[in-house]
Amino acid sequence: MSTPLGTTSPHGELFRREPANPILTANDWPYQINTVFNPGATTHDGETVLLCRVEDRRGLSHLTVARSPDGVLGWRVDPKPLLADDPADQTSMWGVEDCRITYVAELETYVISYTAYGPSGPCVALATTDDFQSVEKLGVVMPPEDKNASLLPRRVGGDFILYHRPYSAHVGGADVWLSRSKDLRTWSSPEPVMASREGAWWDAARMGLGPAPIETEHGWLGVYHGVKQMAAGPLYRAGLVLFDIDNPAKVVRRSPQWVLGPAADYETHGDVPNVVFPTGLIHDAETGELRLYYGAGDSVIAVATATMSEVMDYLLQYG
Ligand code: BMA
């Protein structure tokens with residue numbers, strides 16, 4: 001058996017938890033909430049911006065901005081949501097959840113891909129923002145059931161590329177697909193990209209792409225969540241994938257092991273125990289550091305780090 005062990009993490013994983021974890025909890029919020037988790041992440045005006053999923057005390061979720069100078073400490077949380085549930089809208093009357101953020105240089109704007117939730121089930125919606133103070137909604141782009149949408153930062157072959165996870169009881173499975181668009185509004189039929197593994201594997205029950213993939217010389221670097229169904233309930237962990245630069249529907253590398261899984265107290269306890277759900281990834285090109293932001297236990301936000309070279313070495317050697 002080949003043993004692709006992680007490097008310096010106490011749990012033998014590639015990503016190392018930030019000692020300040022959890023970096024954001026309900027206690028940090030300027031208004032009363034239940035939990036805060038699964039944040040989109042990016043940089044804006046020299047600061048780290050998280051667009052956090054906040055579950056209120058009705059059980060519905062909205063998205064609120066938190067800013068920090070270093071991405072770890074000193075968070076300032078906005079007093080009101082950037083995107084909220086809309087009681088008048090059938091697609092989002094039960095809330096908005098789990099966004100990913102992509103800066104699209106061609107459009108000079110940030111695109112927010114998120115899950116809108118209503119009586120027909122979860123569906124994929126897009127919005128844009130220049131400043132994280134106001135948004136322009138592009139509306140629902142994938143009908144229910146669909147979630148875990150993540151946009152590439154530039155066109156490939158003339159098209160914008162959106163990874164997402166359609167689900168149908170007829171087809172079964174919950175895998176990663178992609179659709180293409182010229183204008184971010186009209187999207188092509190989904191093409192299969194990456195499927196759950198089988199049997200005892202850590203990502204056999206279902207999966208979804210996390211943060212917007214980052215362009216590297218070896219391909220588009222993505223982080224995904226994989227789920228194993230245990231007797232005690234689902235177990236959510238994070239793994240890595242590399243998509244072909246010119247053919248983003250093609251997986252060129254995939255981590256055999258998870259690179260971060262529930263181990264710390266704040267990951268094994270919470271409203272949903274045993275959840276590491278990655279939704280934000282920031283690459284500091286100067287230091288080579290990758291910061292992975294994730295929801296832990298569906299209750300708090302945490303961050304773990306690795307370097308780009310560690311991640312690439314690992315994927316190229318074992319993927
Ligand atoms: C998924 C999503 C996430 C959540 C995860 C773990 O299906 O709903 O929002 O973090 O389950 O409960």
# chains A, B, ... in the order shown; residues from 1 in each chain; ligands from 1
call {"tool": "residues_near_ligand", "arguments": {"ligand": "ligand 1", "cutoff": "7 Å", "atoms": "only C-alpha atoms and all ligand atoms", "output": "JSON, numbers by chain"}}
result
{"A": [38, 97, 98, 236, 272, 275, 277, 295, 298]}
call {"tool": "write_last_selection", "arguments": {"atoms": "N, CA, C and O atoms", "output": "short mmCIF file (atom, residue, chain, number, x, y, z; two decimals), in the first residue's frame"}}
result
data_model
loop_
_atom_site.label_atom_id
_atom_site.label_comp_id
_atom_site.auth_asym_id
_atom_site.auth_seq_id
_atom_site.Cartn_x
_atom_site.Cartn_y
_atom_site.Cartn_z
N ASN A 38 -19.48 27.82 7.20
CA ASN A 38 -19.37 27.70 5.74
C ASN A 38 -19.22 29.05 5.02
O ASN A 38 -20.09 29.46 4.24
N GLU A 97 -27.54 30.07 1.60
CA GLU A 97 -26.54 29.27 2.33
C GLU A 97 -25.26 29.09 1.52
O GLU A 97 -25.26 29.19 0.29
N ASP A 98 -24.19 28.80 2.24
CA ASP A 98 -22.97 28.18 1.70
C ASP A 98 -22.42 28.82 0.42
O ASP A 98 -22.30 28.15 -0.62
N TYR A 236 -18.02 14.51 7.41
CA TYR A 236 -17.62 15.42 6.31
C TYR A 236 -16.14 15.76 6.42
O TYR A 236 -15.71 16.29 7.44
N VAL A 272 -24.17 20.10 14.04
CA VAL A 272 -23.98 18.84 13.29
C VAL A 272 -22.54 18.39 13.57
O VAL A 272 -21.59 18.95 13.02
N VAL A 275 -18.18 17.62 11.20
CA VAL A 275 -18.24 18.28 9.90
C VAL A 275 -17.08 19.24 9.72
O VAL A 275 -16.88 20.14 10.54
N PHE A 277 -16.30 21.57 6.50
CA PHE A 277 -16.96 21.91 5.24
C PHE A 277 -16.24 23.11 4.62
O PHE A 277 -16.50 24.26 4.98
N GLY A 295 -16.41 25.68 7.58
CA GLY A 295 -17.37 25.58 8.66
C GLY A 295 -17.04 24.34 9.45
O GLY A 295 -16.71 23.29 8.88
N ASP A 298 -21.00 22.68 11.67
CA ASP A 298 -22.13 23.55 11.29
C ASP A 298 -22.40 24.59 12.37
O ASP A 298 -23.54 25.02 12.57
#
call {"tool": "residues_around", "arguments": {"residues": "A:Glu289", "least_positions_apart": "6", "cutoff": "7 Å", "atoms": "only C-alpha atoms", "output": "JSON, numbers by chain"}}
result
{"A": [283, 305, 306, 307, 308]}
call {"tool": "write_last_selection", "arguments": {"atoms": "C-alpha atoms", "output": "PDB file, in the first residue's frame"}}
result
ATOM      1  CA  HIS A 283      -3.568  32.006  -1.834  1.00  0.00           C
ATOM      2  CA  THR A 305      -3.071  26.412   6.315  1.00  0.00           C
ATOM      3  CA  ALA A 306      -0.606  24.663   4.032  1.00  0.00           C
ATOM      4  CA  THR A 307       1.784  25.964   1.416  1.00  0.00           C
ATOM      5  CA  MET A 308       1.079  25.801  -2.296  1.00  0.00           C
TER       6      MET A 308
END
call {"tool": "closest_residue", "arguments": {"among": "A:Leu221, A:Ala302, A:Ile33, A:Leu51", "to": "A:Leu73", "atoms": "only C-alpha atoms"}}
result
A:Ala302
call {"tool": "residues_around", "arguments": {"residues": "A:Ala66", "least_positions_apart": "4", "cutoff": "8 Å", "atoms": "only C-alpha atoms", "output": "list in words"}}
result
Val49, Leu50, Leu51, Cys52, Trp75, Arg76, Val77 and Asp78 of chain A
call {"tool": "write_last_selection", "arguments": {"atoms": "N, CA and C atoms", "output": "compact mmCIF listing (two decimals), in the first residue's frame"}}
result
# COMPACT_ATOMS: atom_id res chain seq x y z
N VAL A 49 -11.93 39.07 3.35
CA VAL A 49 -13.37 39.20 3.50
C VAL A 49 -13.98 37.80 3.54
N LEU A 50 -14.74 37.53 4.57
CA LEU A 50 -15.52 36.29 4.61
C LEU A 50 -16.99 36.65 4.47
N LEU A 51 -17.69 35.90 3.64
CA LEU A 51 -19.14 36.04 3.54
C LEU A 51 -19.71 34.79 4.23
N CYS A 52 -20.14 35.01 5.46
CA CYS A 52 -20.41 33.89 6.36
C CYS A 52 -21.87 33.46 6.29
N TRP A 75 -11.52 40.53 13.57
CA TRP A 75 -12.67 40.53 12.66
C TRP A 75 -13.64 41.65 12.99
N ARG A 76 -14.15 42.29 11.95
CA ARG A 76 -15.23 43.26 12.09
C ARG A 76 -16.44 42.72 11.32
N VAL A 77 -17.51 42.53 12.03
CA VAL A 77 -18.69 41.89 11.44
C VAL A 77 -19.74 42.95 11.12
N ASP A 78 -20.29 42.91 9.90
CA ASP A 78 -21.29 43.89 9.51
C ASP A 78 -22.55 43.75 10.38
call {"tool": "closest_residue", "arguments": {"among": "A:Leu315, A:Val36, A:Leu24, A:Ala88", "to": "A:Arg67", "atoms": "only C-alpha atoms"}}
result
A:Leu24
call {"tool": "closest_residue", "arguments": {"among": "A:Pro273, A:Gly319, A:Pro192, A:Pro234", "to": "A:Arg253", "atoms": "only C-alpha atoms"}}
result
A:Gly319
call {"tool": "residues_around", "arguments": {"residues": "A:Ser113", "least_positions_apart": "6", "cutoff": "6 Å", "atoms": "only C-alpha atoms", "output": "PyMOL selection string"}}
result
chain A and resi 99-100+125-126+149
call {"tool": "residues_around", "arguments": {"residues": "stretch 241-252 of chain A", "least_positions_apart": "4", "cutoff": "10 Å", "atoms": "only C-alpha atoms", "output": "ChimeraX atom specification"}}
result
/A:152,155-157,161-163,176-179,191-194,209,213-224,256,312,315-316,319
call {"tool": "write_last_selection", "arguments": {"atoms": "C-alpha atoms", "output": "PDB file, in the first residue's frame"}}
result
ATOM      1  CA  LEU A 152     -13.732  29.627 -12.192  1.00  0.00           C
ATOM      2  CA  ARG A 155     -13.330  31.904 -19.134  1.00  0.00           C
ATOM      3  CA  VAL A 156     -12.026  28.659 -20.576  1.00  0.00           C
ATOM      4  CA  GLY A 157     -12.581  28.203 -24.309  1.00  0.00           C
ATOM      5  CA  ILE A 161     -17.329  27.567 -16.041  1.00  0.00           C
ATOM      6  CA  LEU A 162     -19.547  26.790 -13.051  1.00  0.00           C
ATOM      7  CA  TYR A 163     -19.023  23.599 -11.063  1.00  0.00           C
ATOM      8  CA  VAL A 176     -19.555  17.255  -9.251  1.00  0.00           C
ATOM      9  CA  TRP A 177     -20.753  18.464 -12.669  1.00  0.00           C
ATOM     10  CA  LEU A 178     -20.093  21.629 -14.637  1.00  0.00           C
ATOM     11  CA  SER A 179     -22.011  23.982 -16.901  1.00  0.00           C
ATOM     12  CA  GLU A 191     -21.474  17.630 -17.840  1.00  0.00           C
ATOM     13  CA  PRO A 192     -20.137  15.040 -15.381  1.00  0.00           C
ATOM     14  CA  VAL A 193     -16.760  15.893 -13.819  1.00  0.00           C
ATOM     15  CA  MET A 194     -16.054  13.886 -10.697  1.00  0.00           C
ATOM     16  CA  LEU A 209     -16.734  21.239  -4.794  1.00  0.00           C
ATOM     17  CA  PRO A 213     -10.520  26.662  -7.883  1.00  0.00           C
ATOM     18  CA  ILE A 214      -7.180  28.483  -8.136  1.00  0.00           C
ATOM     19  CA  GLU A 215      -5.174  28.546 -11.379  1.00  0.00           C
ATOM     20  CA  THR A 216      -1.742  26.886 -11.087  1.00  0.00           C
ATOM     21  CA  GLU A 217       0.839  25.732 -13.608  1.00  0.00           C
ATOM     22  CA  HIS A 218      -0.381  22.147 -13.096  1.00  0.00           C
ATOM     23  CA  GLY A 219      -4.112  22.799 -13.398  1.00  0.00           C
ATOM     24  CA  TRP A 220      -7.043  24.289 -11.487  1.00  0.00           C
ATOM     25  CA  LEU A 221      -6.564  23.496  -7.807  1.00  0.00           C
ATOM     26  CA  GLY A 222      -9.825  22.664  -6.051  1.00  0.00           C
ATOM     27  CA  VAL A 223     -10.839  21.603  -2.560  1.00  0.00           C
ATOM     28  CA  TYR A 224     -13.930  19.453  -2.166  1.00  0.00           C
ATOM     29  CA  PRO A 256      -6.488   9.571  -2.159  1.00  0.00           C
ATOM     30  CA  MET A 312       1.261  20.486  -5.254  1.00  0.00           C
ATOM     31  CA  LEU A 315      -1.050  15.930  -5.423  1.00  0.00           C
ATOM     32  CA  LEU A 316       1.610  15.320  -8.062  1.00  0.00           C
ATOM     33  CA  GLY A 319      -2.961  12.063  -6.668  1.00  0.00           C
TER      34      GLY A 319
END
call {"tool": "closest_residue", "arguments": {"among": "A:Ser68, A:Asp45, A:Ala105, A:Arg53", "to": "A:Ala84", "atoms": "only C-alpha atoms"}}
result
A:Arg53
call {"tool": "residues_around", "arguments": {"residues": "stretch 41-44 of chain A", "least_positions_apart": "4", "cutoff": "8 Å", "atoms": "only C-alpha atoms", "output": "CSV table (one decimal) with all heavy atoms, in the first residue's frame"}}
result
chain,number,residue,atom,x,y,z
A,48,THR,N,-8.9,40.5,4.3
A,48,THR,CA,-9.6,39.2,4.0
A,48,THR,C,-11.1,39.5,4.3
A,48,THR,O,-11.5,40.1,5.3
A,48,THR,CB,-9.1,38.1,5.0
A,48,THR,OG1,-7.8,37.9,4.6
A,48,THR,CG2,-9.9,36.8,4.7
A,49,VAL,N,-11.9,39.1,3.4
A,49,VAL,CA,-13.4,39.2,3.5
A,49,VAL,C,-14.0,37.8,3.5
A,49,VAL,O,-13.7,37.0,2.6
A,49,VAL,CB,-14.0,40.0,2.3
A,49,VAL,CG1,-15.5,40.0,2.4
A,49,VAL,CG2,-13.5,41.4,2.3
A,50,LEU,N,-14.7,37.5,4.6
A,50,LEU,CA,-15.5,36.3,4.6
A,50,LEU,C,-17.0,36.7,4.5
A,50,LEU,O,-17.5,37.6,5.1
A,50,LEU,CB,-15.3,35.5,5.9
A,50,LEU,CG,-13.9,35.1,6.3
A,50,LEU,CD1,-13.9,34.2,7.5
A,50,LEU,CD2,-13.3,34.3,5.1
A,51,LEU,N,-17.7,35.9,3.6
A,51,LEU,CA,-19.1,36.0,3.5
A,51,LEU,C,-19.7,34.8,4.2
A,51,LEU,O,-19.7,33.7,3.7
A,51,LEU,CB,-19.6,36.2,2.1
A,51,LEU,CG,-21.0,36.5,1.8
A,51,LEU,CD1,-21.5,37.7,2.6
A,51,LEU,CD2,-21.3,36.8,0.3
A,100,ARG,N,-19.7,30.6,-2.3
A,100,ARG,CA,-18.3,30.7,-2.7
A,100,ARG,C,-18.2,32.0,-3.4
A,100,ARG,O,-19.1,32.5,-4.1
A,100,ARG,CB,-18.0,29.5,-3.7
A,100,ARG,CG,-17.8,28.2,-3.0
A,100,ARG,CD,-19.0,27.5,-2.6
A,100,ARG,NE,-18.9,26.0,-2.4
A,100,ARG,CZ,-19.7,25.3,-1.8
A,100,ARG,NH1,-20.8,25.8,-1.2
A,100,ARG,NH2,-19.5,24.0,-1.7
A,101,ILE,N,-17.0,32.6,-3.3
A,101,ILE,CA,-16.7,33.9,-3.9
A,101,ILE,C,-15.6,33.7,-5.0
A,101,ILE,O,-14.6,33.1,-4.7
A,101,ILE,CB,-16.3,34.9,-2.9
A,101,ILE,CG1,-17.3,35.1,-1.8
A,101,ILE,CG2,-16.0,36.3,-3.6
A,101,ILE,CD1,-16.8,35.9,-0.6
A,102,THR,N,-15.8,34.3,-6.2
A,102,THR,CA,-14.8,34.3,-7.2
A,102,THR,C,-14.6,35.8,-7.7
A,102,THR,O,-15.6,36.4,-8.1
A,102,THR,CB,-15.3,33.5,-8.4
A,102,THR,OG1,-15.7,32.2,-7.9
A,102,THR,CG2,-14.2,33.3,-9.4
A,103,TYR,N,-13.4,36.2,-7.7
A,103,TYR,CA,-13.1,37.5,-8.4
A,103,TYR,C,-12.9,37.3,-9.8
A,103,TYR,O,-12.0,36.5,-10.2
A,103,TYR,CB,-11.9,38.2,-7.8
A,103,TYR,CG,-11.7,39.6,-8.4
A,103,TYR,CD1,-12.6,40.6,-8.1
A,103,TYR,CD2,-10.7,39.8,-9.3
A,103,TYR,CE1,-12.4,41.9,-8.7
A,103,TYR,CE2,-10.6,41.0,-10.0
A,103,TYR,CZ,-11.4,42.1,-9.7
A,103,TYR,OH,-11.3,43.3,-10.3
A,131,ASP,N,-18.0,45.8,-3.8
A,131,ASP,CA,-17.5,46.3,-2.6
A,131,ASP,C,-18.0,45.6,-1.3
A,131,ASP,O,-17.6,46.0,-0.2
A,131,ASP,CB,-18.0,47.8,-2.5
A,131,ASP,CG,-19.5,47.9,-2.6
A,131,ASP,OD1,-20.2,46.8,-2.7
A,131,ASP,OD2,-20.0,49.0,-2.8
A,211,PRO,N,-14.3,25.8,-2.4
A,211,PRO,CA,-14.0,27.2,-2.9
A,211,PRO,C,-13.7,27.2,-4.4
A,211,PRO,O,-13.4,26.2,-5.0
A,211,PRO,CB,-12.7,27.5,-2.2
A,211,PRO,CG,-12.6,26.5,-1.1
A,211,PRO,CD,-13.4,25.3,-1.4
A,279,THR,N,-15.2,26.1,2.2
A,279,THR,CA,-15.9,26.9,1.3
A,279,THR,C,-15.0,28.2,0.8
A,279,THR,O,-15.4,28.9,-0.1
A,279,THR,CB,-17.2,27.4,1.8
A,279,THR,OG1,-17.0,27.7,3.2
A,279,THR,CG2,-18.3,26.4,1.7
A,280,GLY,N,-13.9,28.4,1.5
A,280,GLY,CA,-13.1,29.5,1.2
A,280,GLY,C,-11.6,29.2,1.0
A,280,GLY,O,-11.1,28.4,1.9
A,281,LEU,N,-10.9,29.7,0.0
A,281,LEU,CA,-9.5,29.4,-0.1
A,281,LEU,C,-8.8,30.6,-0.6
A,281,LEU,O,-9.2,31.2,-1.7
A,281,LEU,CB,-9.3,28.2,-1.2
A,281,LEU,CG,-7.9,27.7,-1.4
A,281,LEU,CD1,-7.3,27.1,-0.1
A,281,LEU,CD2,-7.8,26.7,-2.5
A,282,ILE,N,-7.8,31.1,0.1
A,282,ILE,CA,-7.0,32.3,-0.3
A,282,ILE,C,-5.6,31.9,-0.4
A,282,ILE,O,-5.0,31.2,0.4
A,282,ILE,CB,-7.2,33.4,0.8
A,282,ILE,CG1,-8.7,33.9,0.7
A,282,ILE,CG2,-6.3,34.5,0.5
A,282,ILE,CD1,-9.0,35.0,1.7
A,293,TYR,N,-10.6,28.2,4.6
A,293,TYR,CA,-11.6,28.5,5.5
A,293,TYR,C,-12.8,27.5,5.4
A,293,TYR,O,-13.2,27.1,4.4
A,293,TYR,CB,-12.2,30.0,5.2
A,293,TYR,CG,-11.2,31.0,5.5
A,293,TYR,CD1,-10.3,31.5,4.5
A,293,TYR,CD2,-11.1,31.6,6.8
A,293,TYR,CE1,-9.4,32.4,4.7
A,293,TYR,CE2,-10.1,32.6,7.0
A,293,TYR,CZ,-9.3,33.0,6.0
A,293,TYR,OH,-8.3,33.9,6.3
call {"tool": "atom_distance", "arguments": {"atom1": "atom CA of A:His164", "atom2": "atom CA of A:Val303"}}
result
23.3 Å
call {"tool": "atom_distance", "arguments": {"atom1": "atom CA of A:Gly208", "atom2": "atom CA of A:Asn274"}}
result
16.6 Å
call {"tool": "closest_residue", "arguments": {"among": "A:Val96, A:Leu235, A:Leu107, A:Leu138", "to": "A:Cys123", "atoms": "only C-alpha atoms"}}
result
A:Val96
call {"tool": "decode", "arguments": {"residues": "stretch 233-248 of chain A", "atoms": "N, CA, C and O atoms", "output": "mmCIF file, in the first residue's frame"}}
result
data_model
loop_
_atom_site.group_PDB
_atom_site.id
_atom_site.type_symbol
_atom_site.label_atom_id
_atom_site.label_comp_id
_atom_site.auth_asym_id
_atom_site.auth_seq_id
_atom_site.Cartn_x
_atom_site.Cartn_y
_atom_site.Cartn_z
ATOM 1 N N GLY A 233 -23.819 8.675 11.814
ATOM 2 C CA GLY A 233 -24.223 9.833 11.009
ATOM 3 C C GLY A 233 -23.158 10.148 9.978
ATOM 4 O O GLY A 233 -22.110 9.501 9.936
ATOM 5 N N PRO A 234 -23.400 11.169 9.139
ATOM 6 C CA PRO A 234 -22.423 11.498 8.096
ATOM 7 C C PRO A 234 -21.154 12.130 8.660
ATOM 8 O O PRO A 234 -21.198 12.842 9.662
ATOM 9 N N LEU A 235 -20.030 11.845 8.013
ATOM 10 C CA LEU A 235 -18.724 12.375 8.412
ATOM 11 C C LEU A 235 -18.185 13.166 7.220
ATOM 12 O O LEU A 235 -17.934 12.597 6.157
ATOM 13 N N TYR A 236 -18.022 14.505 7.406
ATOM 14 C CA TYR A 236 -17.618 15.418 6.313
ATOM 15 C C TYR A 236 -16.144 15.757 6.420
ATOM 16 O O TYR A 236 -15.706 16.286 7.445
ATOM 17 N N ARG A 237 -15.387 15.498 5.330
ATOM 18 C CA ARG A 237 -13.958 15.814 5.316
ATOM 19 C C ARG A 237 -13.610 16.555 4.021
ATOM 20 O O ARG A 237 -14.404 16.583 3.086
ATOM 21 N N ALA A 238 -12.361 17.068 3.971
ATOM 22 C CA ALA A 238 -11.926 17.838 2.799
ATOM 23 C C ALA A 238 -10.832 17.100 2.041
ATOM 24 O O ALA A 238 -9.917 16.540 2.650
ATOM 25 N N GLY A 239 -10.933 17.117 0.710
ATOM 26 C CA GLY A 239 -9.910 16.528 -0.155
ATOM 27 C C GLY A 239 -9.530 17.513 -1.255
ATOM 28 O O GLY A 239 -10.121 18.592 -1.386
ATOM 29 N N LEU A 240 -8.517 17.145 -2.044
ATOM 30 C CA LEU A 240 -7.988 18.033 -3.088
ATOM 31 C C LEU A 240 -8.195 17.434 -4.470
ATOM 32 O O LEU A 240 -8.194 16.223 -4.643
ATOM 33 N N VAL A 241 -8.313 18.318 -5.457
ATOM 34 C CA VAL A 241 -8.454 17.867 -6.842
ATOM 35 C C VAL A 241 -7.751 18.874 -7.749
ATOM 36 O O VAL A 241 -7.647 20.058 -7.419
ATOM 37 N N LEU A 242 -7.233 18.392 -8.872
ATOM 38 C CA LEU A 242 -6.664 19.263 -9.912
ATOM 39 C C LEU A 242 -7.434 18.990 -11.199
ATOM 40 O O LEU A 242 -7.525 17.839 -11.636
ATOM 41 N N PHE A 243 -7.990 20.053 -11.776
ATOM 42 C CA PHE A 243 -8.665 19.938 -13.073
ATOM 43 C C PHE A 243 -7.725 20.422 -14.165
ATOM 44 O O PHE A 243 -6.925 21.338 -13.954
ATOM 45 N N ASP A 244 -7.858 19.835 -15.341
ATOM 46 C CA ASP A 244 -7.052 20.249 -16.494
ATOM 47 C C ASP A 244 -7.315 21.732 -16.817
ATOM 48 O O ASP A 244 -8.461 22.176 -16.848
ATOM 49 N N ILE A 245 -6.250 22.477 -17.075
ATOM 50 C CA ILE A 245 -6.390 23.923 -17.313
ATOM 51 C C ILE A 245 -7.292 24.236 -18.518
ATOM 52 O O ILE A 245 -8.147 25.126 -18.461
ATOM 53 N N ASP A 246 -7.124 23.483 -19.603
ATOM 54 C CA ASP A 246 -7.898 23.782 -20.811
ATOM 55 C C ASP A 246 -9.180 22.970 -20.919
ATOM 56 O O ASP A 246 -10.038 23.271 -21.739
ATOM 57 N N ASN A 247 -9.270 21.922 -20.113
ATOM 58 C CA ASN A 247 -10.475 21.092 -20.127
ATOM 59 C C ASN A 247 -10.919 20.866 -18.685
ATOM 60 O O ASN A 247 -10.646 19.824 -18.075
ATOM 61 N N PRO A 248 -11.627 21.857 -18.100
ATOM 62 C CA PRO A 248 -11.929 21.807 -16.665
ATOM 63 C C PRO A 248 -12.898 20.692 -16.276
ATOM 64 O O PRO A 248 -13.136 20.472 -15.087
#
